[in-house]
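Engineer: Take this structure, written in structure tokens, and hold onto it; I'll ask about it next.
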Amino acid sequence: MNRYGKLLNWEIVRFSKFYGALLVITLLSQFLGIWLQANSYMSRAEEIMDRNSISPVQYAEQFGKISISNGYQSIWFEGPISLCAAALILYIFLIWYKEWFGKSTFAYRLLMLPTSRMNVYLSKLSTIVLFVLGLVAFQLMLIPIQMAVFDAMIPGEFKQAVTISSLIHSHPFLQTLLPSYFIEFVLYYGAGVMGVVVLFTVILLERSFRYKGIAAGVVYCGAALLLMLIPILLAEDWLRDYLFPSEVLILQIIISICITGFSLWFSSYLLRKKVTI
């Protein structure tokens with residue numbers, strides 16, 4: 001456990017600067033988007049009110065009120081979320097491959113540490129999971145602050161009140177990142193962990209068998225995807241009207257647990273027996 005903790009700390013520290021940059025980009029971009037939206041609305045409102053000599057209440061009745069949820073549909077909000085997601089997907093591969101690149105290959109020292117090689121694997125998996133949860137927590141923390149800034153910029157006559165819950169429900173990105181129910185959170189992020197474990201297995205196949213490993217990895221991914229689709233195919237084509245949606249979900253959960261468990265075992269085998277340094 002001590003070795004695992006040191007490896008986990010090392011993995012987090014060496015990605016921390018880039019991770020911090022992602023957080024800063026998210027912070028600046030989203031707040032800039034809110035400011036631009038609010039400033040644009042108020043500038044237009046003041047211009048029309050001065051030209052037509054109407055009150056704020058009359059303007060709101062004729063042209064509609066503004067809601068912070070409108071700004072959440074812009075590239076300023078969705079862009080950094082997509083960037084963070086893409087960066088973490090890329091890092092799933094970099095967290096392994098950068099060990100083998102460079103003049104002094106670090107993989108030699110890392111895999112020769114006096115500890116189980118699965119500690120190396122688990123530290124990398126835990127790092128990805130912690131980074132994802134950290135980004136989600138950071139976004140959740142930003143929402144009430146962004147709402148407070150928006151409220152300070154827009155007078156009450158022009159503003160449509162929105163709760164945090166309704167804001168999350170109205171936005172597909174937020175609804176995926178922050179599910180309403182705990183069981184949805186477990187299912188979404190459990191599926192994400194399974195996906196990372198499968199990709200780790202593909203990477204280790206490539207590291208073990210090189211070009212043959214790439215082909216084996218593609219087949220492995222395809223087999224995992226096909227297994228996950230079997231309950232849906234059963235319900236929609238082969239056993240139509242026989243399985244309830246809840247039963248299909250239970251089958252998918254069982255299959256995903258089996259895929260994750262097998263992938264962990266297979267990765268352990270590859271690390272111990274096949275990955276060469």
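Going through the structure tokens in order, the chains are called A, B, and so on, while each chain numbers its residues from 1 and the ligands are numbered from 1 in the order shown.
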Near region 145-161 of chain A, counting only C-alpha atoms, which residues have an atom at most 7 Å away, once you skip same-chain residues fewer than 2 positions from it, shown as a list in words?
Structural biologist: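 The filter keeps Phe31, Ile34, Ala38, Pro56, Val57, Ala60, Lys65, Ile66, Ser67, Ile68, Leu142, Ile143 and Thr163 of chain A.
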Engineer: Would you save the residues of that selection, restricted to N, CA, C and O atoms, as an mmCIF file, in the first residue's frame?
Structural biologist:
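The result, written out as again24.cif:
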```cif
data_model
loop_
_atom_site.group_PDB
_atom_site.id
_atom_site.type_symbol
_atom_site.label_atom_id
_atom_site.label_comp_id
_atom_site.auth_asym_id
_atom_site.auth_seq_id
_atom_site.Cartn_x
_atom_site.Cartn_y
_atom_site.Cartn_z
ATOM 1 N N PHE A 31 -16.259 31.978 -17.322
ATOM 2 C CA PHE A 31 -16.601 33.294 -16.787
ATOM 3 C C PHE A 31 -16.610 34.358 -17.880
ATOM 4 O O PHE A 31 -17.431 35.280 -17.849
ATOM 5 N N ILE A 34 -19.947 34.044 -19.649
ATOM 6 C CA ILE A 34 -21.043 34.641 -18.880
ATOM 7 C C ILE A 34 -21.005 36.158 -18.989
ATOM 8 O O ILE A 34 -22.040 36.814 -19.177
ATOM 9 N N ALA A 38 -23.998 38.425 -20.656
ATOM 10 C CA ALA A 38 -24.693 39.435 -19.856
ATOM 11 C C ALA A 38 -24.456 40.832 -20.421
ATOM 12 O O ALA A 38 -25.393 41.651 -20.508
ATOM 13 N N PRO A 56 -37.703 48.996 -18.182
ATOM 14 C CA PRO A 56 -37.140 47.640 -18.143
ATOM 15 C C PRO A 56 -38.207 46.549 -18.150
ATOM 16 O O PRO A 56 -38.035 45.510 -18.796
ATOM 17 N N VAL A 57 -39.315 46.795 -17.439
ATOM 18 C CA VAL A 57 -40.378 45.791 -17.390
ATOM 19 C C VAL A 57 -40.992 45.609 -18.773
ATOM 20 O O VAL A 57 -41.257 44.479 -19.214
ATOM 21 N N ALA A 60 -38.601 43.646 -21.000
ATOM 22 C CA ALA A 60 -38.597 42.223 -20.666
ATOM 23 C C ALA A 60 -39.837 41.535 -21.214
ATOM 24 O O ALA A 60 -39.773 40.385 -21.667
ATOM 25 N N LYS A 65 -36.832 37.762 -21.075
ATOM 26 C CA LYS A 65 -35.800 37.863 -20.050
ATOM 27 C C LYS A 65 -34.618 36.977 -20.414
ATOM 28 O O LYS A 65 -34.700 36.109 -21.277
ATOM 29 N N ILE A 66 -33.518 37.187 -19.723
ATOM 30 C CA ILE A 66 -32.312 36.415 -19.971
ATOM 31 C C ILE A 66 -32.092 35.424 -18.827
ATOM 32 O O ILE A 66 -32.409 35.707 -17.666
ATOM 33 N N SER A 67 -31.562 34.283 -19.181
ATOM 34 C CA SER A 67 -31.261 33.239 -18.193
ATOM 35 C C SER A 67 -29.816 32.805 -18.359
ATOM 36 O O SER A 67 -29.276 32.797 -19.474
ATOM 37 N N ILE A 68 -29.187 32.441 -17.266
ATOM 38 C CA ILE A 68 -27.800 31.981 -17.339
ATOM 39 C C ILE A 68 -27.674 30.696 -18.161
ATOM 40 O O ILE A 68 -26.622 30.407 -18.726
ATOM 41 N N LEU A 142 -17.960 25.685 -9.547
ATOM 42 C CA LEU A 142 -18.054 26.911 -10.333
ATOM 43 C C LEU A 142 -19.491 27.370 -10.553
ATOM 44 O O LEU A 142 -19.743 28.574 -10.665
ATOM 45 N N ILE A 143 -20.417 26.443 -10.634
ATOM 46 C CA ILE A 143 -21.795 26.795 -11.010
ATOM 47 C C ILE A 143 -22.409 27.848 -10.091
ATOM 48 O O ILE A 143 -22.910 28.877 -10.576
ATOM 49 N N THR A 163 -32.728 27.681 -10.905
ATOM 50 C CA THR A 163 -32.080 26.972 -9.810
ATOM 51 C C THR A 163 -30.925 26.132 -10.358
ATOM 52 O O THR A 163 -30.863 25.847 -11.557
#
```
Engineer: Pick out the residues sitting within 7 Å of Met228 (chain A), and hand them over as JSON, numbers by chain; count only C-alpha atoms, and ignore anything fewer than 5 positions along from it in its own chain.
Structural biologist: {"A": [252, 255, 256]}
Engineer: Atoms to include: C-alpha atoms. Write the selected residues as a PDB file, in the first residue's frame.
Structural biologist:
```
ATOM      1  CA  GLN A 252     -25.362  -4.858 -18.905  1.00  0.00           C
ATOM      2  CA  ILE A 255     -21.458  -8.003 -18.283  1.00  0.00           C
ATOM      3  CA  SER A 256     -19.558  -4.780 -17.547  1.00  0.00           C
TER       4      SER A 256
END
```
Engineer: Residues of region 162-235 of chain A that have any atom at most 12 Å from an atom of region 127-130 of chain A: could you tabulate them with the shortest-distance atom pair and the distance in Å to one decimal, using only C-alpha atoms, ordered by chain and increasing number, as a Markdown table?
Structural biologist:
```
| residue | atom | partner | partner_atom | distance |
| --- | --- | --- | --- | --- |
| A:Tyr189 | CA | A:Val129 | CA | 8.9 |
| A:Gly190 | CA | A:Val129 | CA | 10.1 |
| A:Ala191 | CA | A:Val129 | CA | 11.7 |
| A:Gly192 | CA | A:Val129 | CA | 8.8 |
| A:Val193 | CA | A:Val129 | CA | 7.2 |
| A:Met194 | CA | A:Val129 | CA | 10.9 |
| A:Gly195 | CA | A:Val129 | CA | 11.3 |
| A:Val196 | CA | A:Ile128 | CA | 8.3 |
| A:Val197 | CA | A:Ile128 | CA | 10.5 |
| A:Phe200 | CA | A:Ile128 | CA | 11.2 |
```
Engineer: Those selected residues, please, written with N, CA, C and O atoms and delivered as a PDB file, in the first residue's frame.
Structural biologist:
```
ATOM      1  N   TYR A 189     -20.143   6.646 -14.316  1.00  0.00           N
ATOM      2  CA  TYR A 189     -18.705   6.649 -14.034  1.00  0.00           C
ATOM      3  C   TYR A 189     -18.149   5.236 -13.911  1.00  0.00           C
ATOM      4  O   TYR A 189     -16.960   5.017 -14.163  1.00  0.00           O
ATOM      5  N   GLY A 190     -19.005   4.294 -13.556  1.00  0.00           N
ATOM      6  CA  GLY A 190     -18.576   2.896 -13.605  1.00  0.00           C
ATOM      7  C   GLY A 190     -18.278   2.458 -15.024  1.00  0.00           C
ATOM      8  O   GLY A 190     -17.290   1.765 -15.288  1.00  0.00           O
ATOM      9  N   ALA A 191     -19.132   2.889 -15.960  1.00  0.00           N
ATOM     10  CA  ALA A 191     -18.882   2.592 -17.380  1.00  0.00           C
ATOM     11  C   ALA A 191     -17.600   3.267 -17.845  1.00  0.00           C
ATOM     12  O   ALA A 191     -16.839   2.704 -18.648  1.00  0.00           O
ATOM     13  N   GLY A 192     -17.333   4.478 -17.330  1.00  0.00           N
ATOM     14  CA  GLY A 192     -16.103   5.163 -17.686  1.00  0.00           C
ATOM     15  C   GLY A 192     -14.872   4.418 -17.192  1.00  0.00           C
ATOM     16  O   GLY A 192     -13.883   4.292 -17.921  1.00  0.00           O
ATOM     17  N   VAL A 193     -14.938   3.917 -15.959  1.00  0.00           N
ATOM     18  CA  VAL A 193     -13.819   3.140 -15.411  1.00  0.00           C
ATOM     19  C   VAL A 193     -13.600   1.877 -16.230  1.00  0.00           C
ATOM     20  O   VAL A 193     -12.461   1.508 -16.536  1.00  0.00           O
ATOM     21  N   MET A 194     -14.694   1.207 -16.611  1.00  0.00           N
ATOM     22  CA  MET A 194     -14.572   0.020 -17.445  1.00  0.00           C
ATOM     23  C   MET A 194     -13.887   0.362 -18.772  1.00  0.00           C
ATOM     24  O   MET A 194     -13.010  -0.381 -19.249  1.00  0.00           O
ATOM     25  N   GLY A 195     -14.266   1.486 -19.366  1.00  0.00           N
ATOM     26  CA  GLY A 195     -13.651   1.902 -20.618  1.00  0.00           C
ATOM     27  C   GLY A 195     -12.155   2.138 -20.475  1.00  0.00           C
ATOM     28  O   GLY A 195     -11.366   1.741 -21.335  1.00  0.00           O
ATOM     29  N   VAL A 196     -11.752   2.765 -19.370  1.00  0.00           N
ATOM     30  CA  VAL A 196     -10.322   3.010 -19.136  1.00  0.00           C
ATOM     31  C   VAL A 196      -9.576   1.698 -18.945  1.00  0.00           C
ATOM     32  O   VAL A 196      -8.478   1.504 -19.489  1.00  0.00           O
ATOM     33  N   VAL A 197     -10.181   0.774 -18.185  1.00  0.00           N
ATOM     34  CA  VAL A 197      -9.544  -0.530 -17.949  1.00  0.00           C
ATOM     35  C   VAL A 197      -9.368  -1.288 -19.264  1.00  0.00           C
ATOM     36  O   VAL A 197      -8.314  -1.907 -19.509  1.00  0.00           O
ATOM     37  N   PHE A 200      -6.535   0.351 -21.164  1.00  0.00           N
ATOM     38  CA  PHE A 200      -5.264  -0.035 -20.555  1.00  0.00           C
ATOM     39  C   PHE A 200      -4.847  -1.427 -21.040  1.00  0.00           C
ATOM     40  O   PHE A 200      -3.672  -1.682 -21.313  1.00  0.00           O
TER      41      PHE A 200
END
```
Engineer: Select, from A:Gly79, A:Gly71, A:Gly64, A:Gly134, the residue with the minimum atom-to-atom distance to Tyr19 (chain A), counting only C-alpha atoms.
Structural biologist: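 Result for the nearest residue to Tyr19 (chain A): A:Gly134.
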Engineer: Region 204-219 of chain A: which residues within 8 Å, counting only C-alpha atoms, same-chain residues fewer than 3 positions away excluded, as number ranges by chain?
Structural biologist: A: 200-201, 222-223, 267, 270-271, 274-276
Engineer: Convert the current residue selection to file output with C-alpha atoms, as a PDB file, in the first residue's frame.
Structural biologist:
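Dumped to selection.pdb:
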```
ATOM      1  CA  PHE A 200      -5.264  -0.035 -20.555  1.00  0.00           C
ATOM      2  CA  THR A 201      -5.530  -3.679 -21.605  1.00  0.00           C
ATOM      3  CA  GLY A 222     -14.687  -4.932 -30.483  1.00  0.00           C
ATOM      4  CA  ALA A 223     -15.442  -7.995 -28.372  1.00  0.00           C
ATOM      5  CA  SER A 267      -3.622  -6.832 -17.629  1.00  0.00           C
ATOM      6  CA  LEU A 270       0.480  -9.200 -19.387  1.00  0.00           C
ATOM      7  CA  LEU A 271       2.416  -7.024 -16.953  1.00  0.00           C
ATOM      8  CA  LYS A 274       4.583 -10.467 -21.401  1.00  0.00           C
ATOM      9  CA  VAL A 275       5.503  -6.785 -21.097  1.00  0.00           C
ATOM     10  CA  THR A 276       9.231  -6.529 -21.736  1.00  0.00           C
TER      11      THR A 276
END
```
Engineer: Taking 2 positions as the minimum chain separation for residues in the same chain, which residues sit within 9 Å of region 167-173 of chain A when counting only C-alpha atoms? Answer as a PyMOL selection string.
Structural biologist: chain A and resi 68-69+72-73+78+81+162-165+175-180
Engineer: I need the residues from that last selection saved to file as a short mmCIF file (atom, residue, chain, number, x, y, z; two decimals), in the first residue's frame (with all heavy atoms), if you can.
Structural biologist:
```
data_model
loop_
_atom_site.label_atom_id
_atom_site.label_comp_id
_atom_site.auth_asym_id
_atom_site.auth_seq_id
_atom_site.Cartn_x
_atom_site.Cartn_y
_atom_site.Cartn_z
N ILE A 68 -29.19 32.44 -17.27
CA ILE A 68 -27.80 31.98 -17.34
C ILE A 68 -27.67 30.70 -18.16
O ILE A 68 -26.62 30.41 -18.73
CB ILE A 68 -27.23 31.76 -15.92
CG1 ILE A 68 -25.71 31.53 -16.00
CG2 ILE A 68 -27.93 30.60 -15.21
CD1 ILE A 68 -25.04 31.45 -14.66
N SER A 69 -28.76 29.95 -18.27
CA SER A 69 -28.72 28.71 -19.05
C SER A 69 -28.43 28.97 -20.52
O SER A 69 -27.90 28.11 -21.22
CB SER A 69 -30.03 27.94 -18.90
OG SER A 69 -31.12 28.72 -19.37
N TYR A 72 -24.77 28.85 -21.06
CA TYR A 72 -24.21 27.51 -20.92
C TYR A 72 -24.30 26.72 -22.22
O TYR A 72 -23.74 25.63 -22.32
CB TYR A 72 -24.93 26.76 -19.80
CG TYR A 72 -24.37 27.05 -18.42
CD1 TYR A 72 -23.79 28.28 -18.12
CD2 TYR A 72 -24.41 26.11 -17.42
CE1 TYR A 72 -23.28 28.55 -16.87
CE2 TYR A 72 -23.90 26.37 -16.15
CZ TYR A 72 -23.34 27.60 -15.89
OH TYR A 72 -22.82 27.87 -14.64
N GLN A 73 -25.02 27.26 -23.22
CA GLN A 73 -25.10 26.60 -24.51
C GLN A 73 -24.03 27.09 -25.48
O GLN A 73 -23.98 26.66 -26.62
CB GLN A 73 -26.48 26.86 -25.14
CG GLN A 73 -27.67 26.50 -24.27
CD GLN A 73 -27.81 25.02 -24.04
OE1 GLN A 73 -27.35 24.22 -24.87
NE2 GLN A 73 -28.44 24.62 -22.95
N GLU A 78 -19.08 25.04 -23.23
CA GLU A 78 -18.92 23.66 -23.67
C GLU A 78 -17.51 23.37 -24.17
O GLU A 78 -17.03 22.24 -24.06
CB GLU A 78 -19.94 23.35 -24.76
CG GLU A 78 -21.39 23.45 -24.28
CD GLU A 78 -22.39 23.16 -25.40
OE1 GLU A 78 -21.95 23.09 -26.57
OE2 GLU A 78 -23.59 23.01 -25.09
N ILE A 81 -15.00 22.14 -21.45
CA ILE A 81 -15.38 20.80 -20.98
C ILE A 81 -14.94 19.76 -22.00
O ILE A 81 -14.38 18.71 -21.64
CB ILE A 81 -16.90 20.72 -20.75
CG1 ILE A 81 -17.32 21.64 -19.60
CG2 ILE A 81 -17.33 19.28 -20.44
CD1 ILE A 81 -18.81 21.64 -19.32
N VAL A 162 -33.30 30.89 -12.18
CA VAL A 162 -32.97 29.49 -12.49
C VAL A 162 -32.31 28.88 -11.27
O VAL A 162 -31.42 29.48 -10.66
CB VAL A 162 -32.03 29.39 -13.70
CG1 VAL A 162 -31.62 27.95 -13.95
CG2 VAL A 162 -32.67 29.97 -14.94
N THR A 163 -32.73 27.68 -10.91
CA THR A 163 -32.08 26.97 -9.81
C THR A 163 -30.92 26.13 -10.36
O THR A 163 -30.86 25.85 -11.56
CB THR A 163 -33.06 26.06 -9.07
OG1 THR A 163 -33.52 25.04 -9.98
CG2 THR A 163 -34.26 26.86 -8.55
N ILE A 164 -30.03 25.75 -9.47
CA ILE A 164 -28.90 24.91 -9.89
C ILE A 164 -29.41 23.60 -10.47
O ILE A 164 -28.91 23.11 -11.49
CB ILE A 164 -27.95 24.65 -8.71
CG1 ILE A 164 -27.28 25.95 -8.27
CG2 ILE A 164 -26.90 23.61 -9.09
CD1 ILE A 164 -26.35 25.79 -7.09
N SER A 165 -30.43 23.02 -9.83
CA SER A 165 -30.98 21.74 -10.30
C SER A 165 -31.56 21.87 -11.70
O SER A 165 -31.28 21.04 -12.58
CB SER A 165 -32.06 21.26 -9.32
OG SER A 165 -32.65 20.07 -9.77
N GLN A 175 -25.81 17.41 -17.38
CA GLN A 175 -26.61 16.26 -16.98
C GLN A 175 -25.79 14.98 -17.02
O GLN A 175 -26.00 14.07 -16.21
CB GLN A 175 -27.84 16.14 -17.88
CG GLN A 175 -28.98 15.35 -17.25
CD GLN A 175 -30.27 15.53 -18.01
OE1 GLN A 175 -30.29 16.09 -19.10
NE2 GLN A 175 -31.36 15.05 -17.45
N THR A 176 -24.84 14.90 -17.95
CA THR A 176 -23.95 13.74 -18.03
C THR A 176 -22.89 13.78 -16.93
O THR A 176 -22.61 12.77 -16.29
CB THR A 176 -23.27 13.68 -19.41
OG1 THR A 176 -24.28 13.64 -20.42
CG2 THR A 176 -22.39 12.45 -19.52
N LEU A 177 -22.32 14.97 -16.71
CA LEU A 177 -21.28 15.10 -15.69
C LEU A 177 -21.84 14.97 -14.28
O LEU A 177 -21.19 14.41 -13.40
CB LEU A 177 -20.58 16.47 -15.83
CG LEU A 177 -19.70 16.68 -17.05
CD1 LEU A 177 -19.19 18.12 -17.07
CD2 LEU A 177 -18.52 15.71 -17.05
N LEU A 178 -23.05 15.50 -14.08
CA LEU A 178 -23.64 15.55 -12.75
C LEU A 178 -25.03 14.94 -12.76
O LEU A 178 -26.04 15.66 -12.74
CB LEU A 178 -23.70 17.01 -12.26
CG LEU A 178 -22.38 17.78 -12.26
CD1 LEU A 178 -22.63 19.27 -12.13
CD2 LEU A 178 -21.48 17.28 -11.15
N PRO A 179 -25.14 13.63 -12.82
CA PRO A 179 -26.45 12.98 -12.86
C PRO A 179 -27.29 13.31 -11.63
O PRO A 179 -26.76 13.58 -10.55
CB PRO A 179 -26.09 11.48 -12.89
CG PRO A 179 -24.67 11.42 -13.34
CD PRO A 179 -24.02 12.66 -12.84
N SER A 180 -28.60 13.26 -11.82
CA SER A 180 -29.51 13.63 -10.74
C SER A 180 -29.53 12.61 -9.61
O SER A 180 -29.71 12.96 -8.44
CB SER A 180 -30.93 13.79 -11.30
OG SER A 180 -30.96 14.75 -12.33
#
```
Engineer: Just the number, please: distance in Å from CA of Thr26 (chain A) to CA of Asn70 (chain A), one decimal.
Structural biologist: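 Rounded to one decimal, the two atoms are 17.5 Å apart.
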Engineer: What is the distance between CA of Leu187 (chain A) and CA of Leu125 (chain A), in Å to one decimal?
Structural biologist: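 Computing it gives 17.6 Å between the two atoms.
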Engineer: Extract, using only C-alpha atoms, all DNA, RNA and protein residues at most 9 Å from Ile95 (chain A), discarding same-chain residues fewer than 3 positions from it, and format them as a list in words.
Structural biologist: Glu11, Leu90, Tyr91, Ile92, Lys98, Glu99, Lys124 and Ile128 of chain A
Engineer: In terms of the shortest atom-to-atom distance over only C-alpha atoms, which of A:Trp35, A:Arg44, A:Leu94, A:Ser74 is closest to Phe15 (chain A)?
Structural biologist: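 Using only C-alpha atoms, Phe15 (chain A) sits closest to A:Leu94.
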Engineer: As number ranges by chain, please: every residue in region 27-270 of chain A that DSSP puts in helix (DSSP H, G or I).
Structural biologist: A: 27-52, 56-63, 68-71, 75-97, 106-111, 117-153, 156-158, 164-170, 172-177, 182-209, 211-238, 245-270
Engineer: Rank nothing, just name the residue among A:Met141, A:Ile203, A:Leu36, A:Leu111 nearest to Arg272 (chain A), using only C-alpha atoms.
Structural biologist: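 Of the candidates, the smallest distance to Arg272 (chain A) is held by A:Leu111.
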Engineer: Nearest residue to Gly20 (chain A) out of A:Val198, A:Phe131, A:Phe266, A:Ile232, using only C-alpha atoms?
Structural biologist: A:Phe131
Engineer: I'd like the neighbourhood of Ser116 (chain A) as an MDAnalysis selection string, where a residue qualifies if any of its atoms comes within 12 Å (using only C-alpha atoms), though same-chain residues fewer than 2 positions away should be ignored.
Structural biologist: chainID A and resid 1:4 7 110:114 118:123 268:269 271:272
Engineer: Output C-alpha atoms for every residue in the selection just made, as a CSV table (one decimal), in the first residue's frame.
Structural biologist:
```
chain,number,residue,atom,x,y,z
A,1,MET,CA,0.0,0.0,0.0
A,2,ASN,CA,2.9,2.3,0.8
A,3,ARG,CA,4.4,1.7,-2.7
A,4,TYR,CA,1.0,2.3,-4.3
A,7,LEU,CA,3.3,5.8,-7.2
A,110,LEU,CA,9.5,1.9,-13.1
A,111,LEU,CA,8.8,-1.8,-13.9
A,112,MET,CA,11.9,-2.9,-12.0
A,113,LEU,CA,10.7,-1.4,-8.7
A,114,PRO,CA,10.6,-3.8,-5.8
A,118,MET,CA,-0.1,-4.1,-10.6
A,119,ASN,CA,0.7,-1.2,-8.2
A,120,VAL,CA,2.0,0.7,-11.2
A,121,TYR,CA,-1.2,-0.2,-13.1
A,122,LEU,CA,-3.5,0.7,-10.2
A,123,SER,CA,-1.7,4.0,-9.6
A,268,SER,CA,-2.0,-8.3,-14.6
A,269,TYR,CA,-0.9,-11.4,-16.6
A,271,LEU,CA,2.4,-7.0,-17.0
A,272,ARG,CA,3.9,-10.0,-15.2
```
Engineer: Would you pick out the contacts of region 241-250 of chain A at 12 Å or less, using only C-alpha atoms, so that residues sharing its chain but fewer than 2 positions from it are not included, and give the list as JSON, numbers by chain?
Structural biologist: {"A": [183, 184, 187, 228, 229, 230, 231, 232, 233, 234, 235, 236, 237, 238, 239, 252, 253, 254, 255, 256, 257]}
